[in-house]
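Undergrad: Dumping the structure here so I can ask a few things about it.
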There are 2 protein chains.
Amino acid sequence: MSDTQAVLAINQAFYRAFQQKDLQAMSLLWVQSSNAICVHPGRPALQGWEQIRLIWEQIFRTPDPLPLENDVIAVEVNGNMAYVIQAEKMVQQIQGRPMTAQSIATNIFERVTTTWLLVHRHSSPILPPPSNQAMPNQMGG
Amino acid sequence: MSDTQAVLAINQAFYRAFQQKDLQAMSLLWVQSSNAICVHPGRPALQGWEQIRLIWEQIFRTPDPLPLENDVIAVEVNGNMAYVIQAEKMVQQIQGRPMTAQSIATNIFERVTTTWLLVHRHSSPILPPPSNQAMPNQMGG
């Protein structure tokens with residue numbers, strides 16, 4: 001198995017743990033140190049595995065289904081670091097109602113001995129396009 | 001200068017080019033290939049330098065001031081890949097009016113011969129906290 005295949009396999013294991021609300025499987029996929037960072041859509045950064053784990057636990061307690069699918073846009077491996085960029089579809093509670101929302105995610109992995117582990121995840125919402133202005137004016141950077 | 005210092009210097013050069021609307025300086029900071037990816041807040045991924053450059057050009061044409069500040073949360077260097085995570089304050093046009101908005105950004109760099117270059121940027125809005133629900137319910141992952 002190439003490095004790229006190994007990274008994609010771990011990336012898919014992350015979405016499987018997410019969808020199955022499997023906290024134990026999720027825990028095995030992360031660097032369990034203060035270096036780990038996780039940004040959930042629209043939220044500030046969670047720093048350190050303890051904080052990240054606590055929020056996964058809360059997310060997994062919700063009755064709603066979680067991510068529906070992820071489409072890999074890019075994967076890059078360079079030495080002992082790698083990243084995967086993907087479009088995600090997930091169910092979010094918007095004003096108390098479950099709605100399918102699109103998001104985009106950057107997952108960064110580090111090779112620790114022979115295993116790739118998530119060290120940073122940044123997921124963010126794709127917002128509806130502005131109706132009355134050019135795109136870059138609306139979202140200045 | 002350590003690798004970490006070199007990455008932080010290039011990261012600051014990115015914000016300087018952004019704030020000064022300097023397309024030439026911005027162009028020198030990116031991997032100019034199809035591998036480059038840029039996600040502006042709320043928008044889908046732009047793939048490849050040509051697309052990315054076009055949108056910077058459009059952003060720099062706006063009359064508004066651009067990012068105000070960036071506070072580095074984490075920097076990590078591993079071989080020839082590095083990333084910087086930061087909180088940003090920037091001016092965004094919301095329904096035609098400039099407002100200061102908070103965002104969070106993941107900037108990934110690759111060392112190309114002796115220079116660190118941006119290969120991926122993911123910037124996303126921090127949304128107001130939900131008023132009537134627990135956070136993880138609101139933003140399911």
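Ligands are numbered from 1 in the order shown, chains are lettered A, B, ... in the order of the structure tokens, and residues start at 1 in each chain.
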Please superimpose chain A on chain B using every C-alpha atom, paired by order, in a least-squares fit, and write the moved chain as a short mmCIF file (atom, residue, chain, number, x, y, z; two decimals) with N, CA and C atoms, in the first residue's frame.
TA:
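See selection19.cif below for the written result:
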```cif
data_model
loop_
_atom_site.label_atom_id
_atom_site.label_comp_id
_atom_site.auth_asym_id
_atom_site.auth_seq_id
_atom_site.Cartn_x
_atom_site.Cartn_y
_atom_site.Cartn_z
N MET A 1 18.20 31.26 11.04
CA MET A 1 16.74 31.24 11.21
C MET A 1 16.24 29.78 11.19
N SER A 2 15.48 29.39 12.19
CA SER A 2 14.97 28.02 12.23
C SER A 2 13.88 27.84 11.17
N ASP A 3 13.54 26.58 10.87
CA ASP A 3 12.44 26.30 9.92
C ASP A 3 11.15 26.96 10.39
N THR A 4 10.88 26.89 11.69
CA THR A 4 9.64 27.47 12.23
C THR A 4 9.62 28.98 12.00
N GLN A 5 10.74 29.63 12.27
CA GLN A 5 10.83 31.08 12.03
C GLN A 5 10.65 31.40 10.56
N ALA A 6 11.24 30.58 9.67
CA ALA A 6 11.13 30.81 8.22
C ALA A 6 9.66 30.67 7.78
N VAL A 7 8.97 29.68 8.31
CA VAL A 7 7.56 29.46 7.94
C VAL A 7 6.71 30.63 8.46
N LEU A 8 6.96 31.06 9.70
CA LEU A 8 6.20 32.19 10.25
C LEU A 8 6.47 33.47 9.47
N ALA A 9 7.70 33.65 8.98
CA ALA A 9 8.03 34.84 8.19
C ALA A 9 7.25 34.83 6.87
N ILE A 10 7.17 33.67 6.22
CA ILE A 10 6.42 33.58 4.95
C ILE A 10 4.93 33.78 5.22
N ASN A 11 4.49 33.22 6.34
CA ASN A 11 3.07 33.37 6.71
C ASN A 11 2.74 34.86 6.90
N GLN A 12 3.64 35.59 7.57
CA GLN A 12 3.40 37.03 7.76
C GLN A 12 3.48 37.78 6.42
N ALA A 13 4.37 37.34 5.54
CA ALA A 13 4.48 37.96 4.21
C ALA A 13 3.16 37.80 3.45
N PHE A 14 2.50 36.65 3.66
CA PHE A 14 1.19 36.43 3.03
C PHE A 14 0.19 37.48 3.52
N TYR A 15 0.12 37.71 4.84
CA TYR A 15 -0.85 38.68 5.37
C TYR A 15 -0.51 40.11 4.94
N ARG A 16 0.80 40.39 4.80
CA ARG A 16 1.23 41.70 4.33
C ARG A 16 0.78 41.92 2.88
N ALA A 17 1.00 40.91 2.03
CA ALA A 17 0.58 41.02 0.62
C ALA A 17 -0.94 41.17 0.53
N PHE A 18 -1.65 40.44 1.39
CA PHE A 18 -3.12 40.46 1.44
C PHE A 18 -3.58 41.88 1.81
N GLN A 19 -3.02 42.41 2.91
CA GLN A 19 -3.44 43.72 3.40
C GLN A 19 -3.06 44.84 2.44
N GLN A 20 -1.92 44.70 1.80
CA GLN A 20 -1.46 45.74 0.87
C GLN A 20 -2.01 45.55 -0.54
N LYS A 21 -2.83 44.50 -0.72
CA LYS A 21 -3.43 44.21 -2.04
C LYS A 21 -2.35 44.14 -3.11
N ASP A 22 -1.27 43.44 -2.79
CA ASP A 22 -0.10 43.37 -3.66
C ASP A 22 -0.11 42.02 -4.38
N LEU A 23 -0.64 42.01 -5.58
CA LEU A 23 -0.80 40.77 -6.33
C LEU A 23 0.55 40.15 -6.70
N GLN A 24 1.52 41.00 -6.97
CA GLN A 24 2.84 40.47 -7.33
C GLN A 24 3.49 39.76 -6.14
N ALA A 25 3.43 40.41 -4.98
CA ALA A 25 3.98 39.78 -3.77
C ALA A 25 3.21 38.49 -3.47
N MET A 26 1.87 38.54 -3.61
CA MET A 26 1.04 37.35 -3.36
C MET A 26 1.44 36.21 -4.29
N SER A 27 1.69 36.53 -5.55
CA SER A 27 2.04 35.51 -6.54
C SER A 27 3.34 34.78 -6.18
N LEU A 28 4.27 35.51 -5.58
CA LEU A 28 5.57 34.92 -5.24
C LEU A 28 5.48 33.95 -4.05
N LEU A 29 4.34 34.00 -3.33
CA LEU A 29 4.21 33.20 -2.10
C LEU A 29 3.56 31.84 -2.33
N TRP A 30 2.97 31.64 -3.52
CA TRP A 30 2.21 30.41 -3.78
C TRP A 30 2.96 29.45 -4.69
N VAL A 31 2.73 28.15 -4.48
CA VAL A 31 3.09 27.12 -5.46
C VAL A 31 2.23 27.39 -6.69
N GLN A 32 2.86 27.68 -7.80
CA GLN A 32 2.07 28.07 -8.98
C GLN A 32 1.80 26.86 -9.86
N SER A 33 1.02 25.92 -9.29
CA SER A 33 0.71 24.69 -10.03
C SER A 33 -0.74 24.32 -9.80
N SER A 34 -1.15 23.24 -10.44
CA SER A 34 -2.53 22.74 -10.28
C SER A 34 -2.77 22.19 -8.89
N ASN A 35 -1.70 21.94 -8.11
CA ASN A 35 -1.84 21.41 -6.73
C ASN A 35 -2.36 22.45 -5.75
N ALA A 36 -2.17 23.74 -6.07
CA ALA A 36 -2.54 24.78 -5.11
C ALA A 36 -4.05 24.82 -4.93
N ILE A 37 -4.48 24.99 -3.69
CA ILE A 37 -5.91 25.06 -3.36
C ILE A 37 -6.13 26.23 -2.41
N CYS A 38 -7.22 26.97 -2.63
CA CYS A 38 -7.54 28.09 -1.74
C CYS A 38 -9.05 28.10 -1.47
N VAL A 39 -9.39 28.13 -0.20
CA VAL A 39 -10.79 28.18 0.22
C VAL A 39 -11.02 29.51 0.92
N HIS A 40 -11.76 30.41 0.31
CA HIS A 40 -12.12 31.68 0.95
C HIS A 40 -13.36 31.43 1.82
N PRO A 41 -13.56 32.29 2.84
CA PRO A 41 -14.64 32.02 3.81
C PRO A 41 -16.00 31.78 3.16
N GLY A 42 -16.57 30.62 3.44
CA GLY A 42 -17.91 30.30 2.97
C GLY A 42 -17.99 29.84 1.53
N ARG A 43 -16.85 29.79 0.83
CA ARG A 43 -16.84 29.47 -0.59
C ARG A 43 -16.31 28.06 -0.83
N PRO A 44 -16.61 27.49 -1.99
CA PRO A 44 -16.01 26.19 -2.33
C PRO A 44 -14.52 26.34 -2.63
N ALA A 45 -13.83 25.23 -2.80
CA ALA A 45 -12.38 25.26 -3.04
C ALA A 45 -12.06 25.74 -4.45
N LEU A 46 -11.07 26.64 -4.53
CA LEU A 46 -10.48 27.02 -5.82
C LEU A 46 -9.29 26.10 -6.04
N GLN A 47 -9.20 25.50 -7.22
CA GLN A 47 -8.11 24.56 -7.48
C GLN A 47 -7.20 25.07 -8.58
N GLY A 48 -5.91 25.09 -8.29
CA GLY A 48 -4.91 25.51 -9.28
C GLY A 48 -4.62 26.99 -9.18
N TRP A 49 -3.36 27.33 -9.43
CA TRP A 49 -2.92 28.70 -9.25
C TRP A 49 -3.67 29.70 -10.13
N GLU A 50 -4.02 29.30 -11.35
CA GLU A 50 -4.69 30.24 -12.27
C GLU A 50 -5.99 30.76 -11.68
N GLN A 51 -6.82 29.82 -11.17
CA GLN A 51 -8.11 30.20 -10.54
C GLN A 51 -7.88 31.05 -9.29
N ILE A 52 -6.89 30.62 -8.48
CA ILE A 52 -6.62 31.31 -7.21
C ILE A 52 -6.19 32.75 -7.49
N ARG A 53 -5.29 32.90 -8.47
CA ARG A 53 -4.78 34.23 -8.82
C ARG A 53 -5.90 35.15 -9.28
N LEU A 54 -6.80 34.60 -10.10
CA LEU A 54 -7.92 35.39 -10.64
C LEU A 54 -8.78 35.96 -9.50
N ILE A 55 -9.02 35.14 -8.48
CA ILE A 55 -9.88 35.60 -7.37
C ILE A 55 -9.14 36.61 -6.49
N TRP A 56 -7.84 36.40 -6.25
CA TRP A 56 -7.09 37.44 -5.52
C TRP A 56 -7.16 38.77 -6.25
N GLU A 57 -7.02 38.70 -7.57
CA GLU A 57 -7.08 39.92 -8.39
C GLU A 57 -8.42 40.63 -8.16
N GLN A 58 -9.50 39.85 -8.14
CA GLN A 58 -10.83 40.44 -7.92
C GLN A 58 -10.96 41.00 -6.51
N ILE A 59 -10.46 40.25 -5.53
CA ILE A 59 -10.53 40.71 -4.13
C ILE A 59 -9.76 42.03 -3.97
N PHE A 60 -8.58 42.10 -4.61
CA PHE A 60 -7.72 43.28 -4.45
C PHE A 60 -8.32 44.51 -5.15
N ARG A 61 -9.29 44.29 -6.04
CA ARG A 61 -9.93 45.42 -6.71
C ARG A 61 -10.98 46.11 -5.83
N THR A 62 -11.39 45.44 -4.74
CA THR A 62 -12.43 46.05 -3.90
C THR A 62 -11.85 47.25 -3.16
N PRO A 63 -12.68 48.25 -2.89
CA PRO A 63 -12.16 49.44 -2.20
C PRO A 63 -11.96 49.22 -0.69
N ASP A 64 -12.48 48.13 -0.14
CA ASP A 64 -12.46 47.95 1.32
C ASP A 64 -11.09 47.58 1.84
N PRO A 65 -10.79 47.96 3.09
CA PRO A 65 -9.58 47.43 3.72
C PRO A 65 -9.72 45.92 3.89
N LEU A 66 -8.58 45.23 3.89
CA LEU A 66 -8.62 43.77 4.00
C LEU A 66 -8.23 43.30 5.41
N PRO A 67 -7.53 42.19 5.62
CA PRO A 67 -7.41 41.68 7.00
C PRO A 67 -6.77 42.66 7.97
N LEU A 68 -7.28 42.70 9.16
CA LEU A 68 -6.79 43.61 10.18
C LEU A 68 -5.65 42.99 10.95
N GLU A 69 -5.82 41.73 11.34
CA GLU A 69 -4.78 41.08 12.14
C GLU A 69 -4.93 39.57 12.08
N ASN A 70 -3.85 38.90 12.42
CA ASN A 70 -3.90 37.44 12.54
C ASN A 70 -3.13 37.01 13.78
N ASP A 71 -3.76 36.16 14.57
CA ASP A 71 -3.13 35.64 15.79
C ASP A 71 -2.83 34.16 15.61
N VAL A 72 -1.54 33.85 15.57
CA VAL A 72 -1.13 32.46 15.35
C VAL A 72 -1.53 31.60 16.55
N ILE A 73 -2.23 30.50 16.26
CA ILE A 73 -2.63 29.54 17.29
C ILE A 73 -1.61 28.41 17.37
N ALA A 74 -1.13 27.98 16.22
CA ALA A 74 -0.17 26.87 16.19
C ALA A 74 0.64 26.92 14.91
N VAL A 75 1.89 26.46 15.03
CA VAL A 75 2.74 26.29 13.84
C VAL A 75 3.45 24.95 14.00
N GLU A 76 3.51 24.21 12.91
CA GLU A 76 4.11 22.87 12.96
C GLU A 76 4.92 22.67 11.68
N VAL A 77 6.16 22.26 11.84
CA VAL A 77 7.01 21.95 10.69
C VAL A 77 7.39 20.49 10.80
N ASN A 78 7.25 19.75 9.69
CA ASN A 78 7.64 18.34 9.68
C ASN A 78 8.28 18.06 8.32
N GLY A 79 9.60 18.03 8.29
CA GLY A 79 10.31 17.82 7.03
C GLY A 79 10.08 18.99 6.10
N ASN A 80 9.54 18.71 4.91
CA ASN A 80 9.35 19.75 3.90
C ASN A 80 7.91 20.24 3.83
N MET A 81 7.12 19.93 4.85
CA MET A 81 5.74 20.43 4.92
C MET A 81 5.55 21.13 6.25
N ALA A 82 4.70 22.15 6.25
CA ALA A 82 4.45 22.91 7.49
C ALA A 82 3.06 23.50 7.43
N TYR A 83 2.50 23.78 8.60
CA TYR A 83 1.21 24.48 8.60
C TYR A 83 1.16 25.48 9.74
N VAL A 84 0.35 26.51 9.51
CA VAL A 84 0.10 27.54 10.53
C VAL A 84 -1.41 27.69 10.66
N ILE A 85 -1.89 27.66 11.90
CA ILE A 85 -3.31 27.84 12.18
C ILE A 85 -3.46 29.19 12.88
N GLN A 86 -4.43 29.99 12.46
CA GLN A 86 -4.57 31.30 13.09
C GLN A 86 -6.00 31.82 13.08
N ALA A 87 -6.24 32.68 14.07
CA ALA A 87 -7.49 33.43 14.08
C ALA A 87 -7.24 34.72 13.31
N GLU A 88 -8.20 35.11 12.48
CA GLU A 88 -8.07 36.31 11.65
C GLU A 88 -9.22 37.27 11.95
N LYS A 89 -8.92 38.54 11.86
CA LYS A 89 -10.01 39.52 11.82
C LYS A 89 -9.96 40.17 10.46
N MET A 90 -11.08 40.24 9.78
CA MET A 90 -11.06 40.87 8.47
C MET A 90 -12.35 41.63 8.22
N VAL A 91 -12.28 42.52 7.24
CA VAL A 91 -13.45 43.29 6.87
C VAL A 91 -14.18 42.55 5.75
N GLN A 92 -15.43 42.23 5.97
CA GLN A 92 -16.23 41.58 4.94
C GLN A 92 -17.42 42.46 4.61
N GLN A 93 -17.84 42.37 3.36
CA GLN A 93 -19.04 43.09 2.96
C GLN A 93 -20.25 42.21 3.29
N ILE A 94 -21.04 42.64 4.25
CA ILE A 94 -22.25 41.90 4.60
C ILE A 94 -23.43 42.75 4.14
N GLN A 95 -24.16 42.24 3.17
CA GLN A 95 -25.27 42.99 2.57
C GLN A 95 -24.85 44.42 2.23
N GLY A 96 -23.70 44.51 1.60
CA GLY A 96 -23.25 45.80 1.07
C GLY A 96 -22.57 46.71 2.08
N ARG A 97 -22.49 46.27 3.35
CA ARG A 97 -21.85 47.13 4.36
C ARG A 97 -20.60 46.45 4.90
N PRO A 98 -19.50 47.20 5.04
CA PRO A 98 -18.28 46.58 5.58
C PRO A 98 -18.43 46.32 7.08
N MET A 99 -18.15 45.07 7.49
CA MET A 99 -18.23 44.72 8.91
C MET A 99 -16.99 43.89 9.25
N THR A 100 -16.51 44.06 10.48
CA THR A 100 -15.38 43.24 10.92
C THR A 100 -15.88 41.86 11.28
N ALA A 101 -15.25 40.86 10.67
CA ALA A 101 -15.67 39.48 10.89
C ALA A 101 -14.48 38.67 11.36
N GLN A 102 -14.75 37.68 12.20
CA GLN A 102 -13.69 36.79 12.65
C GLN A 102 -13.67 35.54 11.80
N SER A 103 -12.48 35.10 11.47
CA SER A 103 -12.38 33.85 10.73
C SER A 103 -11.20 33.05 11.29
N ILE A 104 -11.13 31.81 10.82
CA ILE A 104 -10.03 30.96 11.25
C ILE A 104 -9.40 30.38 9.99
N ALA A 105 -8.08 30.29 9.98
CA ALA A 105 -7.40 29.87 8.75
C ALA A 105 -6.33 28.82 9.01
N THR A 106 -6.30 27.87 8.11
CA THR A 106 -5.23 26.88 8.03
C THR A 106 -4.41 27.19 6.79
N ASN A 107 -3.15 27.53 6.95
CA ASN A 107 -2.24 27.75 5.82
C ASN A 107 -1.22 26.63 5.80
N ILE A 108 -1.14 25.90 4.67
CA ILE A 108 -0.16 24.80 4.54
C ILE A 108 0.92 25.22 3.55
N PHE A 109 2.17 24.98 3.94
CA PHE A 109 3.33 25.36 3.12
C PHE A 109 4.14 24.12 2.75
N GLU A 110 4.77 24.19 1.57
CA GLU A 110 5.73 23.15 1.19
C GLU A 110 7.06 23.81 0.90
N ARG A 111 8.15 23.14 1.32
CA ARG A 111 9.48 23.67 1.01
C ARG A 111 9.84 23.25 -0.41
N VAL A 112 10.08 24.24 -1.26
CA VAL A 112 10.47 23.97 -2.65
C VAL A 112 11.90 24.50 -2.78
N THR A 113 12.83 23.60 -2.99
CA THR A 113 14.27 23.86 -2.85
C THR A 113 14.51 24.57 -1.49
N THR A 114 14.80 25.86 -1.47
CA THR A 114 15.09 26.48 -0.16
C THR A 114 13.97 27.41 0.32
N THR A 115 12.87 27.49 -0.43
CA THR A 115 11.82 28.46 -0.10
C THR A 115 10.53 27.75 0.32
N TRP A 116 9.88 28.29 1.34
CA TRP A 116 8.56 27.78 1.73
C TRP A 116 7.49 28.49 0.90
N LEU A 117 6.58 27.71 0.31
CA LEU A 117 5.51 28.28 -0.52
C LEU A 117 4.15 27.77 -0.04
N LEU A 118 3.15 28.62 -0.14
CA LEU A 118 1.78 28.24 0.21
C LEU A 118 1.26 27.26 -0.82
N VAL A 119 0.76 26.13 -0.35
CA VAL A 119 0.17 25.16 -1.28
C VAL A 119 -1.32 25.01 -1.01
N HIS A 120 -1.75 25.40 0.19
CA HIS A 120 -3.18 25.28 0.54
C HIS A 120 -3.52 26.32 1.60
N ARG A 121 -4.62 27.01 1.37
CA ARG A 121 -5.15 27.93 2.37
C ARG A 121 -6.63 27.66 2.52
N HIS A 122 -7.07 27.55 3.77
CA HIS A 122 -8.48 27.30 4.09
C HIS A 122 -8.88 28.31 5.16
N SER A 123 -9.67 29.30 4.75
CA SER A 123 -10.13 30.31 5.69
C SER A 123 -11.64 30.20 5.80
N SER A 124 -12.16 30.30 7.01
CA SER A 124 -13.61 30.11 7.18
C SER A 124 -14.15 31.00 8.28
N PRO A 125 -15.42 31.35 8.17
CA PRO A 125 -15.99 32.27 9.15
C PRO A 125 -16.23 31.61 10.50
N ILE A 126 -16.03 32.39 11.57
CA ILE A 126 -16.53 31.98 12.89
C ILE A 126 -17.91 32.61 13.02
N LEU A 127 -18.92 31.78 13.16
CA LEU A 127 -20.29 32.27 13.17
C LEU A 127 -20.72 32.61 14.60
N PRO A 128 -21.72 33.47 14.77
CA PRO A 128 -22.19 33.78 16.12
C PRO A 128 -22.67 32.51 16.80
N PRO A 129 -22.43 32.38 18.12
CA PRO A 129 -22.86 31.16 18.80
C PRO A 129 -24.38 31.03 18.76
N PRO A 130 -24.87 29.79 18.66
CA PRO A 130 -26.32 29.59 18.66
C PRO A 130 -26.90 30.05 19.98
N SER A 131 -28.09 30.61 19.94
CA SER A 131 -28.65 31.19 21.15
C SER A 131 -29.46 30.18 21.96
N ASN A 132 -30.00 29.14 21.31
CA ASN A 132 -30.95 28.29 22.03
C ASN A 132 -30.57 26.82 22.07
N GLN A 133 -29.31 26.50 21.66
CA GLN A 133 -28.94 25.09 21.68
C GLN A 133 -27.50 24.92 22.07
N ALA A 134 -27.16 23.71 22.52
CA ALA A 134 -25.75 23.42 22.80
C ALA A 134 -24.96 23.51 21.51
N MET A 135 -23.71 23.92 21.59
CA MET A 135 -22.89 24.15 20.40
C MET A 135 -22.79 22.95 19.48
N PRO A 136 -22.45 21.76 19.99
CA PRO A 136 -22.20 20.69 19.04
C PRO A 136 -23.46 20.26 18.30
N ASN A 137 -24.63 20.41 18.90
CA ASN A 137 -25.87 20.10 18.21
C ASN A 137 -26.08 21.01 17.01
N GLN A 138 -25.64 22.24 17.19
CA GLN A 138 -25.90 23.24 16.16
C GLN A 138 -25.07 23.00 14.92
N MET A 139 -23.88 22.54 15.10
CA MET A 139 -22.93 22.51 13.98
C MET A 139 -22.35 21.13 13.78
N GLY A 140 -23.16 20.14 13.91
CA GLY A 140 -22.84 18.71 13.89
C GLY A 140 -21.54 18.24 13.24
N GLY A 141 -20.42 18.75 13.61
CA GLY A 141 -19.17 18.15 13.14
C GLY A 141 -18.36 19.13 12.37
#
```
Undergrad: Give the helix (DSSP H, G or I) residues of chain A, as assigned by DSSP on the backbone, as a PyMOL selection string.
TA: chain A and resi 3-19+23-29+49-60+135-138
Undergrad: Hey, can you spit out that residue selection with N, CA and C atoms as a short mmCIF file (atom, residue, chain, number, x, y, z; two decimals), in the first residue's frame?
TA:
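Once everything was written out, this is part06.cif:
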```cif
data_model
loop_
_atom_site.label_atom_id
_atom_site.label_comp_id
_atom_site.auth_asym_id
_atom_site.auth_seq_id
_atom_site.Cartn_x
_atom_site.Cartn_y
_atom_site.Cartn_z
N ASP A 3 1.93 5.31 0.44
CA ASP A 3 1.64 6.30 1.49
C ASP A 3 0.30 6.98 1.22
N THR A 4 0.05 7.32 -0.04
CA THR A 4 -1.20 8.01 -0.40
C THR A 4 -2.40 7.12 -0.08
N GLN A 5 -2.30 5.84 -0.44
CA GLN A 5 -3.39 4.91 -0.13
C GLN A 5 -3.58 4.77 1.37
N ALA A 6 -2.48 4.73 2.13
CA ALA A 6 -2.56 4.60 3.59
C ALA A 6 -3.25 5.83 4.20
N VAL A 7 -2.91 7.00 3.70
CA VAL A 7 -3.52 8.25 4.21
C VAL A 7 -5.01 8.27 3.87
N LEU A 8 -5.35 7.89 2.64
CA LEU A 8 -6.77 7.88 2.24
C LEU A 8 -7.56 6.86 3.06
N ALA A 9 -6.93 5.73 3.41
CA ALA A 9 -7.60 4.72 4.23
C ALA A 9 -7.90 5.27 5.63
N ILE A 10 -6.93 5.98 6.21
CA ILE A 10 -7.14 6.56 7.55
C ILE A 10 -8.20 7.66 7.47
N ASN A 11 -8.14 8.41 6.38
CA ASN A 11 -9.13 9.49 6.18
C ASN A 11 -10.54 8.89 6.12
N GLN A 12 -10.68 7.78 5.40
CA GLN A 12 -12.00 7.13 5.33
C GLN A 12 -12.41 6.54 6.69
N ALA A 13 -11.43 6.03 7.43
CA ALA A 13 -11.72 5.49 8.77
C ALA A 13 -12.26 6.61 9.67
N PHE A 14 -11.74 7.83 9.47
CA PHE A 14 -12.25 8.98 10.23
C PHE A 14 -13.74 9.20 9.93
N TYR A 15 -14.12 9.19 8.64
CA TYR A 15 -15.53 9.44 8.29
C TYR A 15 -16.43 8.29 8.76
N ARG A 16 -15.88 7.07 8.76
CA ARG A 16 -16.63 5.91 9.25
C ARG A 16 -16.90 6.07 10.76
N ALA A 17 -15.86 6.43 11.52
CA ALA A 17 -16.03 6.62 12.97
C ALA A 17 -17.02 7.75 13.24
N PHE A 18 -16.95 8.81 12.43
CA PHE A 18 -17.83 9.98 12.55
C PHE A 18 -19.28 9.53 12.33
N GLN A 19 -19.51 8.83 11.20
CA GLN A 19 -20.86 8.44 10.84
C GLN A 19 -21.43 7.41 11.82
N LEU A 23 -16.81 6.64 19.32
CA LEU A 23 -15.82 7.47 20.01
C LEU A 23 -14.49 6.72 20.18
N GLN A 24 -14.58 5.42 20.38
CA GLN A 24 -13.35 4.65 20.56
C GLN A 24 -12.54 4.61 19.26
N ALA A 25 -13.23 4.35 18.15
CA ALA A 25 -12.54 4.35 16.85
C ALA A 25 -11.99 5.75 16.56
N MET A 26 -12.79 6.79 16.86
CA MET A 26 -12.34 8.18 16.64
C MET A 26 -11.08 8.47 17.45
N SER A 27 -11.05 8.00 18.69
CA SER A 27 -9.90 8.26 19.57
C SER A 27 -8.61 7.67 19.02
N LEU A 28 -8.73 6.52 18.36
CA LEU A 28 -7.53 5.85 17.83
C LEU A 28 -6.95 6.56 16.61
N LEU A 29 -7.73 7.49 16.03
CA LEU A 29 -7.30 8.14 14.78
C LEU A 29 -6.55 9.45 15.01
N TRP A 49 -6.12 17.26 22.59
CA TRP A 49 -6.98 16.11 22.43
C TRP A 49 -8.13 16.07 23.46
N GLU A 50 -7.87 16.51 24.68
CA GLU A 50 -8.90 16.44 25.73
C GLU A 50 -10.15 17.23 25.32
N GLN A 51 -9.93 18.48 24.86
CA GLN A 51 -11.06 19.33 24.41
C GLN A 51 -11.75 18.72 23.20
N ILE A 52 -10.93 18.23 22.25
CA ILE A 52 -11.47 17.68 21.00
C ILE A 52 -12.35 16.46 21.31
N ARG A 53 -11.84 15.59 22.19
CA ARG A 53 -12.57 14.37 22.55
C ARG A 53 -13.91 14.71 23.19
N LEU A 54 -13.90 15.71 24.08
CA LEU A 54 -15.12 16.11 24.79
C LEU A 54 -16.21 16.54 23.80
N ILE A 55 -15.81 17.27 22.76
CA ILE A 55 -16.81 17.76 21.79
C ILE A 55 -17.30 16.62 20.89
N TRP A 56 -16.40 15.72 20.49
CA TRP A 56 -16.88 14.54 19.74
C TRP A 56 -17.91 13.77 20.55
N GLU A 57 -17.62 13.62 21.84
CA GLU A 57 -18.54 12.90 22.73
C GLU A 57 -19.91 13.57 22.70
N GLN A 58 -19.92 14.90 22.77
CA GLN A 58 -21.19 15.65 22.74
C GLN A 58 -21.88 15.50 21.38
N ILE A 59 -21.10 15.60 20.31
CA ILE A 59 -21.68 15.47 18.96
C ILE A 59 -22.31 14.08 18.79
N PHE A 60 -21.61 13.05 19.28
CA PHE A 60 -22.09 11.67 19.10
C PHE A 60 -23.33 11.39 19.93
N MET A 135 -18.80 37.52 -6.00
CA MET A 135 -18.37 36.65 -4.89
C MET A 135 -17.24 37.23 -4.06
N PRO A 136 -16.14 37.68 -4.68
CA PRO A 136 -15.02 38.05 -3.83
C PRO A 136 -15.32 39.29 -2.97
N ASN A 137 -16.20 40.17 -3.43
CA ASN A 137 -16.58 41.32 -2.61
C ASN A 137 -17.29 40.87 -1.35
N GLN A 138 -18.05 39.81 -1.50
CA GLN A 138 -18.90 39.37 -0.40
C GLN A 138 -18.07 38.76 0.73
#
```
Undergrad: Among stretch 2-125 of chain B, which ones does DSSP place in strand (DSSP E), written as an NGL selection string?
TA: :B and (37-39 or 45-47 or 69-78 or 81-94 or 97-112 or 115-125)
